[in-house]
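Printed here is model.cif (mmCIF, C-alpha atoms and all ligand atoms):
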data_final
loop_
_atom_site.label_atom_id
_atom_site.label_comp_id
_atom_site.auth_asym_id
_atom_site.auth_seq_id
_atom_site.Cartn_x
_atom_site.Cartn_y
_atom_site.Cartn_z
CA MET A 296 0.00 0.00 0.00
CA THR A 297 1.48 3.36 -0.95
CA PRO A 298 1.50 6.15 1.65
CA ARG A 299 -0.97 8.06 -0.54
CA SER A 300 -3.60 5.33 -0.35
CA ARG A 301 -3.03 4.55 3.33
CA PRO A 302 -6.28 4.87 5.30
CA LYS A 303 -6.18 7.74 7.72
CA LEU A 304 -6.59 7.78 11.45
CA ASP A 305 -10.21 8.24 12.46
CA VAL A 306 -9.50 10.87 15.12
CA ALA A 307 -13.15 11.34 16.10
CA ALA A 308 -13.42 7.60 16.78
CA CYS A 309 -10.17 7.67 18.77
CA ARG A 310 -11.42 10.59 20.85
CA ARG A 311 -14.61 8.73 21.73
CA GLU A 312 -12.46 6.12 23.45
CA PHE A 313 -10.93 8.69 25.85
CA PRO A 314 -13.47 9.77 28.49
CA ALA A 315 -11.24 12.60 29.75
CA LEU A 316 -11.52 14.37 26.40
CA THR A 317 -15.16 15.18 27.07
CA ARG A 318 -14.17 17.42 29.97
CA THR A 319 -15.14 21.08 29.78
CA VAL A 320 -13.67 24.18 31.38
CA ASN A 321 -15.93 27.22 31.71
CA GLY A 322 -18.35 25.68 29.25
CA ARG A 323 -15.77 24.99 26.55
CA PRO A 324 -14.13 21.63 25.74
CA ALA A 325 -10.78 21.25 27.47
CA VAL A 326 -7.78 21.08 25.14
CA PHE A 327 -5.29 18.51 26.39
CA LEU A 328 -1.85 19.63 25.25
CA ASP A 329 -0.15 18.16 28.31
CA GLY A 330 0.66 14.82 26.66
CA PRO A 331 4.46 15.05 27.05
CA GLY A 332 3.83 15.14 30.79
CA GLY A 333 1.37 12.23 30.60
CA SER A 334 -1.32 11.16 28.15
CA GLN A 335 -4.98 10.47 28.81
CA VAL A 336 -6.17 6.86 28.78
CA PRO A 337 -8.88 5.07 26.79
CA ALA A 338 -11.84 3.76 28.82
CA ARG A 339 -10.71 0.20 28.09
CA VAL A 340 -7.40 0.87 29.88
CA ALA A 341 -9.17 2.21 32.96
CA GLY A 342 -11.51 -0.78 32.69
CA ALA A 343 -8.62 -3.26 32.56
CA VAL A 344 -7.10 -1.75 35.71
CA ALA A 345 -10.44 -1.93 37.52
CA ARG A 346 -11.15 -5.44 36.24
CA TYR A 347 -7.80 -6.70 37.43
CA LEU A 348 -8.39 -5.29 40.91
CA ALA A 349 -11.97 -6.46 41.07
CA SER A 350 -11.56 -9.99 39.79
CA MET A 351 -7.94 -11.13 39.57
CA ASN A 352 -6.07 -9.33 42.30
CA ALA A 353 -3.35 -11.62 43.70
CA ASN A 354 0.36 -12.05 44.13
CA SER A 355 2.03 -14.18 41.49
CA GLY A 356 3.22 -17.75 41.71
CA GLY A 357 0.28 -19.30 43.59
CA ALA A 358 -1.71 -22.41 42.74
CA PHE A 359 -5.13 -20.75 43.09
CA ALA A 360 -7.23 -19.17 40.35
CA THR A 361 -6.53 -15.47 40.85
CA SER A 362 -2.78 -16.04 41.08
CA VAL A 363 -2.77 -18.29 38.03
CA GLU A 364 -4.72 -15.64 36.12
CA THR A 365 -2.32 -12.97 37.34
CA ASP A 366 0.65 -14.98 36.05
CA ALA A 367 -1.06 -15.45 32.69
CA MET A 368 -1.76 -11.71 32.49
CA LEU A 369 1.85 -10.89 33.39
CA ALA A 370 3.18 -13.27 30.74
CA GLU A 371 0.93 -11.72 28.10
CA ALA A 372 1.91 -8.22 29.21
CA HIS A 373 5.59 -9.09 28.73
CA ARG A 374 4.83 -10.40 25.25
CA ALA A 375 2.89 -7.22 24.46
CA ALA A 376 5.63 -4.95 25.80
CA ALA A 377 8.19 -6.89 23.74
CA ASP A 378 6.05 -6.32 20.65
CA PHE A 379 5.75 -2.68 21.63
CA VAL A 380 9.50 -2.05 21.80
CA GLY A 381 10.34 -4.38 18.89
CA ALA A 382 11.96 -7.23 20.84
CA SER A 383 11.42 -10.85 19.83
CA ASP A 384 12.22 -12.15 23.34
CA PRO A 385 9.64 -11.22 26.04
CA GLY A 386 12.18 -12.14 28.73
CA CYS A 387 14.17 -9.07 27.70
CA VAL A 388 11.41 -6.74 28.92
CA ALA A 389 10.99 -5.89 32.60
CA PHE A 390 8.33 -3.75 34.25
CA GLY A 391 9.01 -1.29 37.04
CA ALA A 392 7.70 1.79 38.78
CA ASN A 393 8.69 4.24 36.05
CA MET A 394 11.58 5.01 33.72
CA THR A 395 13.56 6.90 36.37
CA THR A 396 13.48 4.05 38.86
CA LEU A 397 14.41 1.49 36.20
CA ALA A 398 17.27 3.67 34.93
CA LEU A 399 18.57 4.10 38.50
CA SER A 400 18.55 0.36 39.08
CA LEU A 401 20.27 -0.32 35.76
CA ALA A 402 22.80 2.41 36.59
CA ARG A 403 23.58 0.80 39.97
CA ALA A 404 24.27 -2.50 38.26
CA LEU A 405 26.36 -0.95 35.48
CA ALA A 406 28.40 1.00 38.04
CA ARG A 407 29.56 -2.30 39.50
CA THR A 408 31.12 -3.17 36.12
CA TRP A 409 32.79 0.20 35.48
CA ARG A 410 36.28 1.20 36.65
CA SER A 411 38.29 4.34 37.13
CA GLY A 412 39.35 5.55 33.69
CA ASP A 413 36.10 4.45 32.05
CA GLU A 414 33.90 7.09 30.47
CA VAL A 415 30.19 7.67 29.98
CA VAL A 416 28.68 10.01 27.40
CA VAL A 417 25.39 11.86 27.96
CA THR A 418 23.88 14.70 25.95
CA ARG A 419 22.48 18.14 26.65
CA LEU A 420 19.15 17.27 25.08
CA GLU A 421 18.12 14.86 27.81
CA HIS A 422 15.55 14.62 30.55
CA ASP A 423 17.58 14.43 33.74
CA ALA A 424 16.46 10.80 34.20
CA ASN A 425 18.83 10.03 31.33
CA VAL A 426 21.70 12.00 32.86
CA THR A 427 21.88 11.81 36.64
CA PRO A 428 21.57 8.00 36.96
CA TRP A 429 24.68 7.66 34.76
CA VAL A 430 26.49 10.58 36.41
CA GLN A 431 25.94 9.03 39.84
CA ALA A 432 26.92 5.56 38.62
CA ALA A 433 30.09 7.02 37.08
CA ARG A 434 30.88 8.79 40.35
CA ASP A 435 30.45 5.54 42.30
CA ALA A 436 32.79 3.74 39.88
CA GLY A 437 35.34 6.56 39.55
CA ALA A 438 34.47 6.89 35.85
CA ALA A 439 34.30 10.20 33.97
CA VAL A 440 31.23 11.76 32.31
CA ARG A 441 31.41 13.60 29.01
CA HIS A 442 28.58 15.82 27.80
CA ALA A 443 27.75 15.97 24.09
CA ALA A 444 26.66 19.40 22.88
CA ILE A 445 23.56 20.50 21.02
CA ARG A 446 23.08 23.05 18.28
CA ARG A 447 21.26 25.79 20.13
CA THR A 448 19.67 27.22 16.99
CA ASP A 449 17.46 24.17 16.37
CA CYS A 450 17.98 22.08 19.53
CA THR A 451 19.40 19.11 17.66
CA LEU A 452 22.28 16.93 18.80
CA ASP A 453 25.69 17.91 17.49
CA LEU A 454 26.72 14.49 16.21
CA ASP A 455 30.27 15.61 15.45
CA ASP A 456 30.65 16.70 19.05
CA LEU A 457 29.10 13.43 20.22
CA GLU A 458 31.55 11.42 18.12
CA SER A 459 34.46 13.50 19.41
CA LYS A 460 33.49 12.47 22.94
CA LEU A 461 33.68 8.75 22.11
CA ALA A 462 36.83 6.80 22.85
CA GLU A 463 38.03 3.26 23.54
CA GLN A 464 37.27 3.77 27.23
CA THR A 465 33.63 4.82 26.60
CA ARG A 466 31.43 2.28 28.35
CA LEU A 467 27.98 3.80 27.83
CA VAL A 468 26.32 6.36 25.59
CA ALA A 469 22.95 7.54 26.96
CA VAL A 470 20.70 9.25 24.41
CA GLY A 471 17.06 10.23 24.27
CA CYS A 472 15.09 9.06 21.26
CA ALA A 473 13.20 12.38 21.37
CA SER A 474 13.32 15.50 23.54
CA ASN A 475 10.38 15.92 25.90
CA ALA A 476 10.96 19.70 25.92
CA VAL A 477 11.28 20.61 22.25
CA GLY A 478 10.41 17.42 20.36
CA THR A 479 13.70 16.83 18.51
CA ILE A 480 14.00 13.21 17.35
CA ALA A 481 17.54 11.83 17.55
CA PRO A 482 18.98 9.64 14.76
CA VAL A 483 19.26 6.72 17.14
CA GLY A 484 20.30 4.06 14.63
CA GLU A 485 23.25 6.19 13.56
CA ILE A 486 24.22 6.92 17.16
CA VAL A 487 24.08 3.24 18.15
CA GLU A 488 26.35 2.37 15.23
CA MET A 489 28.77 5.15 16.15
CA ALA A 490 28.91 4.10 19.81
CA HIS A 491 29.25 0.41 19.04
CA ALA A 492 32.20 1.17 16.76
CA TYR A 493 34.00 2.28 19.94
CA GLY A 494 32.80 -0.74 21.91
CA ALA A 495 30.39 1.35 24.01
CA GLU A 496 26.91 0.23 25.04
CA VAL A 497 23.88 2.41 24.27
CA PHE A 498 20.97 3.24 26.55
CA LEU A 499 17.98 4.87 24.85
CA ASP A 500 15.37 6.94 26.68
CA ALA A 501 12.26 6.36 24.59
CA VAL A 502 9.81 7.94 27.03
CA HIS A 503 8.93 10.90 24.83
CA LEU A 504 9.06 9.10 21.49
CA ALA A 505 6.86 6.15 22.50
CA PRO A 506 3.42 7.74 21.88
CA HIS A 507 4.56 9.22 18.56
CA ALA A 508 6.56 6.60 16.69
CA LEU A 509 7.17 2.86 16.59
CA LEU A 510 10.02 1.77 18.85
CA ASP A 511 12.36 -0.73 17.24
CA VAL A 512 15.09 -1.95 19.59
CA GLU A 513 16.27 -4.77 17.35
CA ALA A 514 16.49 -2.58 14.25
CA TRP A 515 18.27 0.14 16.22
CA GLY A 516 20.60 -2.37 17.92
CA CYS A 517 20.53 -0.54 21.26
CA ASP A 518 21.65 -2.41 24.36
CA TYR A 519 19.03 -0.95 26.70
CA LEU A 520 15.89 1.15 26.39
CA CYS A 521 13.28 2.50 28.77
CA CYS A 522 9.83 3.94 28.23
CA SER A 523 6.82 4.72 30.40
CA ALA A 524 3.26 3.52 29.77
CA TYR A 525 1.68 6.67 31.17
CA LYS A 526 3.02 8.58 28.17
CA PHE A 527 1.48 6.13 25.69
CA PHE A 528 -2.10 5.96 26.94
CA GLY A 529 -1.47 3.56 29.81
CA PRO A 530 -1.09 3.76 33.60
CA HIS A 531 1.99 4.74 35.60
CA VAL A 532 4.32 1.83 34.83
CA GLY A 533 7.87 1.82 33.47
CA VAL A 534 9.31 -0.59 30.90
CA LEU A 535 12.95 -1.66 30.61
CA TYR A 536 14.36 -3.52 27.62
CA GLY A 537 17.85 -4.96 27.53
CA LYS A 538 19.66 -7.47 25.37
CA ARG A 539 19.36 -10.89 27.01
CA GLU A 540 23.08 -11.42 27.59
CA LYS A 541 23.37 -7.97 29.19
CA LEU A 542 20.38 -8.32 31.51
CA GLU A 543 21.50 -11.82 32.49
CA GLY A 544 25.11 -10.85 33.03
CA LEU A 545 24.81 -7.60 34.98
CA PRO A 546 25.05 -7.75 38.78
CA ALA A 547 21.55 -6.40 39.49
CA TYR A 548 20.68 -5.47 43.06
CA LYS A 549 18.04 -8.00 44.10
CA LEU A 550 16.74 -9.92 47.09
CA ARG A 551 18.14 -13.39 47.82
CA PRO A 552 15.07 -15.58 47.27
CA SER A 553 13.90 -13.79 44.14
CA PRO A 554 14.56 -15.70 40.92
CA GLU A 555 17.71 -15.10 38.86
CA ASP A 556 15.95 -15.65 35.53
CA LEU A 557 14.74 -12.92 33.18
CA PRO A 558 12.92 -10.69 33.58
CA HIS A 559 12.43 -11.38 37.29
CA ARG A 560 15.93 -10.37 38.40
CA TRP A 561 15.07 -6.81 37.28
CA GLU A 562 11.51 -6.74 38.61
CA THR A 563 12.26 -6.14 42.26
CA GLY A 564 9.46 -6.54 44.79
CA THR A 565 5.82 -7.04 43.95
CA GLN A 566 4.92 -5.25 40.76
CA CYS A 567 1.94 -2.96 40.18
CA HIS A 568 -0.14 -5.74 38.62
CA GLU A 569 -3.14 -3.55 37.94
CA GLY A 570 -0.85 -1.05 36.20
CA ILE A 571 0.69 -3.82 34.12
CA ALA A 572 -2.81 -5.04 33.18
CA GLY A 573 -3.54 -1.47 32.06
CA THR A 574 -0.27 -1.30 30.13
CA LEU A 575 -1.18 -4.49 28.28
CA GLU A 576 -4.53 -2.91 27.42
CA ALA A 577 -2.90 0.33 26.23
CA ILE A 578 -0.73 -1.65 23.84
CA GLU A 579 -3.82 -3.55 22.67
CA TYR A 580 -5.61 -0.22 22.16
CA LEU A 581 -2.80 0.89 19.84
CA ALA A 582 -2.70 -2.49 18.08
CA ASP A 583 -6.47 -2.42 17.55
CA LEU A 584 -6.09 1.05 16.07
CA GLY A 585 -3.67 -0.46 13.55
CA ARG A 586 -6.01 -3.38 12.86
CA ARG A 587 -8.93 -1.03 12.23
CA ILE A 588 -6.81 0.98 9.83
CA ALA A 589 -5.51 -2.08 8.00
CA ARG A 590 -8.95 -3.76 8.15
CA VAL A 591 -7.31 -7.12 8.77
CA PRO A 592 -6.60 -9.03 12.00
CA LEU A 593 -2.86 -8.38 12.01
CA PRO A 594 -0.50 -9.83 14.62
CA ARG A 595 0.27 -7.31 17.37
CA ARG A 596 3.64 -6.03 16.15
CA GLU A 597 2.38 -5.55 12.59
CA ALA A 598 -0.76 -3.86 13.90
CA LEU A 599 1.39 -1.46 15.96
CA ARG A 600 3.39 -0.64 12.84
CA GLU A 601 0.15 0.29 11.02
CA ALA A 602 -1.09 2.33 13.96
CA TYR A 603 2.07 4.36 14.25
CA ALA A 604 2.22 5.02 10.50
CA ALA A 605 -1.24 6.60 10.77
CA ILE A 606 -0.45 8.38 14.05
CA ARG A 607 2.71 9.85 12.58
CA GLU A 608 0.83 11.09 9.52
CA HIS A 609 -1.92 12.70 11.60
CA GLU A 610 0.57 14.26 14.00
CA ARG A 611 2.59 15.61 11.08
CA GLY A 612 -0.50 17.59 10.00
CA LEU A 613 -0.96 18.89 13.54
CA ALA A 614 2.72 19.85 13.76
CA ALA A 615 2.67 21.64 10.41
CA ARG A 616 -0.32 23.77 11.40
CA ALA A 617 0.94 24.33 14.94
CA LEU A 618 4.22 25.64 13.58
CA GLU A 619 2.41 28.04 11.24
CA VAL A 620 0.22 29.24 14.07
CA LEU A 621 3.03 29.67 16.60
CA LEU A 622 5.40 31.36 14.14
CA ALA A 623 2.69 33.87 13.21
CA ILE A 624 2.22 35.14 16.75
CA PRO A 625 4.34 38.18 17.52
CA GLY A 626 6.46 37.67 20.62
CA VAL A 627 6.34 33.87 20.55
CA GLU A 628 9.62 32.11 19.86
CA VAL A 629 9.61 28.38 19.07
CA ARG A 630 12.68 26.68 20.49
CA GLY A 631 13.80 23.73 18.43
CA ILE A 632 13.12 22.72 14.85
CA ALA A 633 10.89 25.37 13.28
CA ASP A 634 11.44 24.51 9.64
CA PRO A 635 8.24 23.04 8.14
CA ASP A 636 10.36 20.90 5.81
CA ARG A 637 11.96 19.15 8.77
CA LEU A 638 8.89 17.78 10.53
CA ASP A 639 10.27 14.23 10.23
CA GLU A 640 12.94 15.27 12.70
CA ARG A 641 10.53 16.24 15.46
CA THR A 642 7.46 15.17 17.39
CA PRO A 643 4.51 17.61 17.63
CA THR A 644 5.84 18.87 20.98
CA PHE A 645 6.51 22.60 20.95
CA GLY A 646 8.58 24.38 23.56
CA PHE A 647 8.25 28.12 23.21
CA THR A 648 8.89 31.37 25.01
CA HIS A 649 6.93 34.62 24.98
CA ARG A 650 8.62 38.01 24.72
CA ARG A 651 6.69 39.54 27.65
CA LEU A 652 5.17 36.73 29.65
CA ALA A 653 6.98 34.12 31.74
CA PRO A 654 6.21 30.51 30.73
CA ALA A 655 4.28 29.93 33.98
CA GLU A 656 2.13 32.98 33.20
CA VAL A 657 1.47 31.70 29.67
CA ALA A 658 0.43 28.30 31.09
CA ALA A 659 -1.83 29.95 33.69
CA ARG A 660 -3.53 32.20 31.11
CA LEU A 661 -4.06 29.24 28.77
CA ALA A 662 -5.42 27.18 31.68
CA ASP A 663 -8.06 29.88 32.22
CA GLU A 664 -9.16 29.21 28.64
CA GLY A 665 -9.27 25.45 29.21
CA ILE A 666 -6.02 24.78 27.36
CA PHE A 667 -3.72 22.50 29.32
CA VAL A 668 -0.01 23.11 28.75
CA TRP A 669 3.01 22.71 30.99
CA SER A 670 5.69 25.25 31.75
CA GLY A 671 9.16 25.02 33.27
CA ASN A 672 12.07 22.81 32.34
CA PHE A 673 10.26 19.43 32.52
CA TYR A 674 13.50 18.04 33.98
CA ALA A 675 15.21 18.77 30.64
CA LEU A 676 17.48 20.99 32.65
CA PRO A 677 20.68 20.59 30.58
CA LEU A 678 18.72 21.91 27.58
CA THR A 679 17.07 24.88 29.26
CA GLU A 680 20.45 25.77 30.82
CA ALA A 681 22.15 25.50 27.42
CA LEU A 682 19.46 27.78 25.97
CA GLY A 683 19.98 30.29 28.81
CA ILE A 684 16.30 30.25 29.83
CA GLU A 685 16.65 29.22 33.47
CA PRO A 686 14.82 30.01 35.67
CA GLY A 687 11.48 29.92 33.93
CA GLY A 688 12.15 27.53 31.11
CA LEU A 689 9.56 27.11 28.39
CA ALA A 690 5.86 26.83 27.83
CA ARG A 691 5.16 23.48 26.20
CA ALA A 692 2.23 22.48 24.00
CA GLY A 693 2.40 18.79 23.12
CA PHE A 694 0.01 17.17 20.68
CA LEU A 695 -0.92 13.50 20.60
CA HIS A 696 -2.93 11.48 18.08
CA TYR A 697 -6.18 12.35 19.86
CA ASN A 698 -5.66 16.08 19.29
CA THR A 699 -7.30 17.89 16.39
CA LEU A 700 -6.60 20.76 14.04
CA ASP A 701 -9.40 22.68 15.78
CA GLU A 702 -7.42 22.42 18.98
CA VAL A 703 -4.36 23.82 17.23
CA GLU A 704 -6.53 26.80 16.23
CA ARG A 705 -7.81 27.18 19.82
CA LEU A 706 -4.21 27.36 21.03
CA GLY A 707 -3.34 29.92 18.35
CA GLU A 708 -6.33 32.14 19.13
CA ALA A 709 -5.64 32.04 22.86
CA LEU A 710 -1.95 32.85 22.39
CA ALA A 711 -2.80 35.69 20.05
CA ARG A 712 -4.98 37.21 22.81
CA LEU A 713 -2.18 37.15 25.39
C1 LIG B 1 12.05 12.10 27.92
C2 LIG B 1 11.75 11.64 29.30
N1 LIG B 1 12.58 10.80 29.91
C3 LIG B 1 12.36 10.34 31.14
C4 LIG B 1 11.26 10.73 31.86
C5 LIG B 1 11.04 10.17 33.22
O1 LIG B 1 10.06 9.19 33.14
P1 LIG B 1 9.34 8.61 34.41
O2 LIG B 1 8.37 9.62 34.88
O3 LIG B 1 8.68 7.36 33.91
O4 LIG B 1 10.38 8.30 35.42
C6 LIG B 1 10.35 11.62 31.29
C7 LIG B 1 9.18 12.09 32.04
O5 LIG B 1 8.62 13.10 31.74
C8 LIG B 1 10.60 12.07 29.97
O6 LIG B 1 9.75 12.90 29.36
#

Written as C-alpha cells, how would this file's structure read?
Ligand SMILES: Cc1ncc(COP(=O)(O)O)c(C=O)c1O
Amino acid sequence: MTPRSRPKLDVAACRREFPALTRTVNGRPAVFLDGPGGSQVPARVAGAVARYLASMNANSGGAFATSVETDAMLAEAHRAAADFVGASDPGCVAFGANMTTLALSLARALARTWRSGDEVVVTRLEHDANVTPWVQAARDAGAAVRHAAIRRTDCTLDLDDLESKLAEQTRLVAVGCASNAVGTIAPVGEIVEMAHAYGAEVFLDAVHLAPHALLDVEAWGCDYLCCSAYKFFGPHVGVLYGKREKLEGLPAYKLRPSPEDLPHRWETGTQCHEGIAGTLEAIEYLADLGRRIARVPLPRREALREAYAAIREHERGLAARALEVLLAIPGVEVRGIADPDRLDERTPTFGFTHRRLAPAEVAARLADEGIFVWSGNFYALPLTEALGIEPGGLARAGFLHYNTLDEVERLGEALARL
C-alpha cells in the first residue's frame, strides 16, 4: 500500500475512546496539550485496571485461580511490551515503577562493572532521568562523564561533538530518542552504530518518542531502552528492555530468594499488577487502532506498525499547522526545529517562550481558557540551561494522536490574545 492510499486515522473515533476528552472548562471543551507530561487513557485501559483489581487481584506464583490468572496476564503483558519495543524475546522486557526508577537500578548494576578511567557520554538534550543515573553511577565507579553538545539554533544533537566524545574507554552512551521539551528526534540508529564502533553500550530513553513513533530496539541495535506507559495511553508503569546477555550478566541489586531468571531479576518486589494489566490494554488499544486501519486481523507487532504510521501522519498535520500558528504570533519564539520541511525530525511537541510573559504565566492564562499546557524545564534541565532560559524555562504544548486541528486553532487564538 502506498503512503498516498493509506487509510487515515479516524481521530473522532479515537477521541470517543478517551473519556477525559469530554471534559469542559468554563463551558468549553478542554484542550489537552499536556501529553508530554502524561497522556490520557482510553476507557478500556481504565476498565482493565479496575477489572484486574476487582476480579484477579493476587500475588504471582500461587496455585489458586486469581494467582494463576495474574501470572497469565503478566506473561501476556511481557509479550505485548516486547512487541511494543520491537523485541522478539519477552524475557528481555521488565516492568518497574517508572523510567527513572528502572534507569537508576540499571545504573547501579552498570556502576559495579565500570572502573576508574572508564567514560560515559550523555547529551544536553536529555531529561535528567537520562543523565543523573549515569552521572551518579560514574561517580560511584570513579568513571568520567562527558557531555555531548547541542546546536542551540534548532535544539538538535551535534553528532560531530558526540563522536568527538567517544573513545576506547567509553562504556555507555545515553541518548534520548526524542526531547520531551522541544520534540527533537535523535537519529538513534546512527548513534548506536557510532557508539558500538568504539565498543560502548547504548541506553535509549524512549519515554517521549513512545506515543509518537514505533520503537524498534532490534532494528536500532541498542543495548538498553526505557519507556513509560503513562506517556502512551497507559497507567503509571515503566518498561525496561535490555539485550538478554546484558540483563543476564549484569550484577543487578536484588533480594536473595527472588529468581535469577529474566525478567524477574530486574523486577524487584511485587509489581503494580493492575498497572501492568492497564499497560497491556494500552498496547492492545494501539494495536487495535492499527487493525482497524488495515482492516485485517494483524499480529500485534504488525498492527502497531500500522497504527504508528497513521499516528505519525496525523501528528505531522498537527505539527505543520501548529508551527504556522506559533510562528505567526508576535512575541512567541519556538525553540527547536521550526522549519516546516523538517517535521520528520521532530514530534509535535513545541517548547516556546513569549517576549513579555513568563512561561508559567502563559500556562496559567491558557489554563483559564481550558487549554492544558506545561511550563518550566520538565527536567530537561541541561537543555534549558544551554538555551539560557533558566529560571522559567519554556511553555510546552504537546500534541498526541487524539488532538485535532481545531485544537491547534484554539491554542493559536488564545496565544494571540495574550
Ligand atoms: C524524555 C523523558 N525521559 C524520562 C522521563 C522520566 O520518566 P518517568 O516519569 O517514567 O520516570 C520523562 C518524564 O517526563 C521524559 O519525558

| What residues have any atom no more than 7 Å from ligand LIG 1 (chain B) when counting all atoms listed in the file, and can you list them as a ChimeraX atom specification? | /A:331-332,393-396,421-422,424-425,471,473-475,500-503,522-523,533,673

| task | Name the residues in contact with A:Ala490 at a cut-off of 9 Å, using all atoms listed in the file, excluding same-chain residues fewer than 3 positions from it; report them as a PyMOL selection string. | result | chain A and resi 458+461-462+465+467-468+485-487+493-497

| said: When you count all atoms listed in the file, which of these residues is closest to A:Ala655: A:Gly356, A:Gly537, A:Gly688, A:Gly631? | reply: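 Of A:Gly356, A:Gly537, A:Gly688, A:Gly631, the one nearest A:Ala655 is A:Gly688, counting all atoms listed in the file.
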
| query | With all atoms listed in the file as the basis for distance, which of A:Tyr580, A:His531, A:Ala308, A:Arg637 is at the shortest distance from A:Thr451? | reply | A:Arg637

| Selection: 10 Å around A:Ala438, only C-alpha atoms, excl. self and same-chain fewer than 2 positions, as a PyMOL selection string | chain A and resi 406+409-415+429-436+440+464-466

| task | Choose the residue, out of A:Phe379, A:Phe647, A:Tyr674, A:Tyr519, that has the smallest atom-to-atom separation from A:Ala602; count all atoms listed in the file. | result |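 Ranked by minimum distance to A:Ala602, first place goes to A:Phe379.
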